[in-house]
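First comes the structure, then the notes that go with it.
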Amino acid sequence: MSSELQGNIETQYKITVELIELEQATSEFIIGMELDAELPNAVRINKQKFMNINEHLIKHLEKIQLQGYHFDNVITTLKLENETLEKETHFL
């Protein structure tokens, strides 16, 4: 989303996909290390930060779509991920 990447939609897409993968890897790490049981407040904060990042990405991708690019699948993935994260934070 920096000025250097504004014209490079392909790189923006790759970065977004990488962020989704990192978020999923972080979630798996949290579960594997049972951090949700040991540090529920830290995990809640982490999940809230991911939700904020996802919301920012969704808005950015929706703007790019207005230029004719198709990011429906990525936007849907981010929205679903936020729904999941929101539900998970209620259980912490």
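Lettering and numbering for the structure tokens are positional, with chains as A, B, ... in the shown order, residues counted from 1 in each chain, and ligands counted from 1 in the shown order.
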
Handout entry: Contacts of stretch 42-57 of chain A within 12 Å, only C-alpha atoms, excl. fewer than 5 positions in-chain, as a PyMOL selection string
Key = chain A and resi 1+12-13+15-17+19-24+26-27+29-31+33-37+62-64+71+74-92

Exercise for the section: Would you please extract all alpha helix (DSSP H) residues from chain A, as assigned by DSSP on the backbone, and give them as a PyMOL selection string? Expected result: chain A and resi 9-32+35-38+40-65+72-90

Practice task
Find the distance between atom CA of A:Asn73 and atom CA of A:Gln6 and write it in Å to one decimal.
Solution key: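 Straight-line distance from atom CA of A:Asn73 to atom CA of A:Gln6 works out to 20.5 Å.
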
Practice task
Tell me, in Å to one decimal, how far atom CA of A:Glu28 is from atom CA of A:His60.
Solution key: 26.4 Å

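With distances taken over only C-alpha atoms, A:Ile9 is the one residue among A:Glu18, A:Glu38, A:Ala25, A:Ile9 lying closest to A:Leu61.
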
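For the pair atom CA of A:Ile58 and atom CA of A:Asp72, the separation is 9.9 Å.
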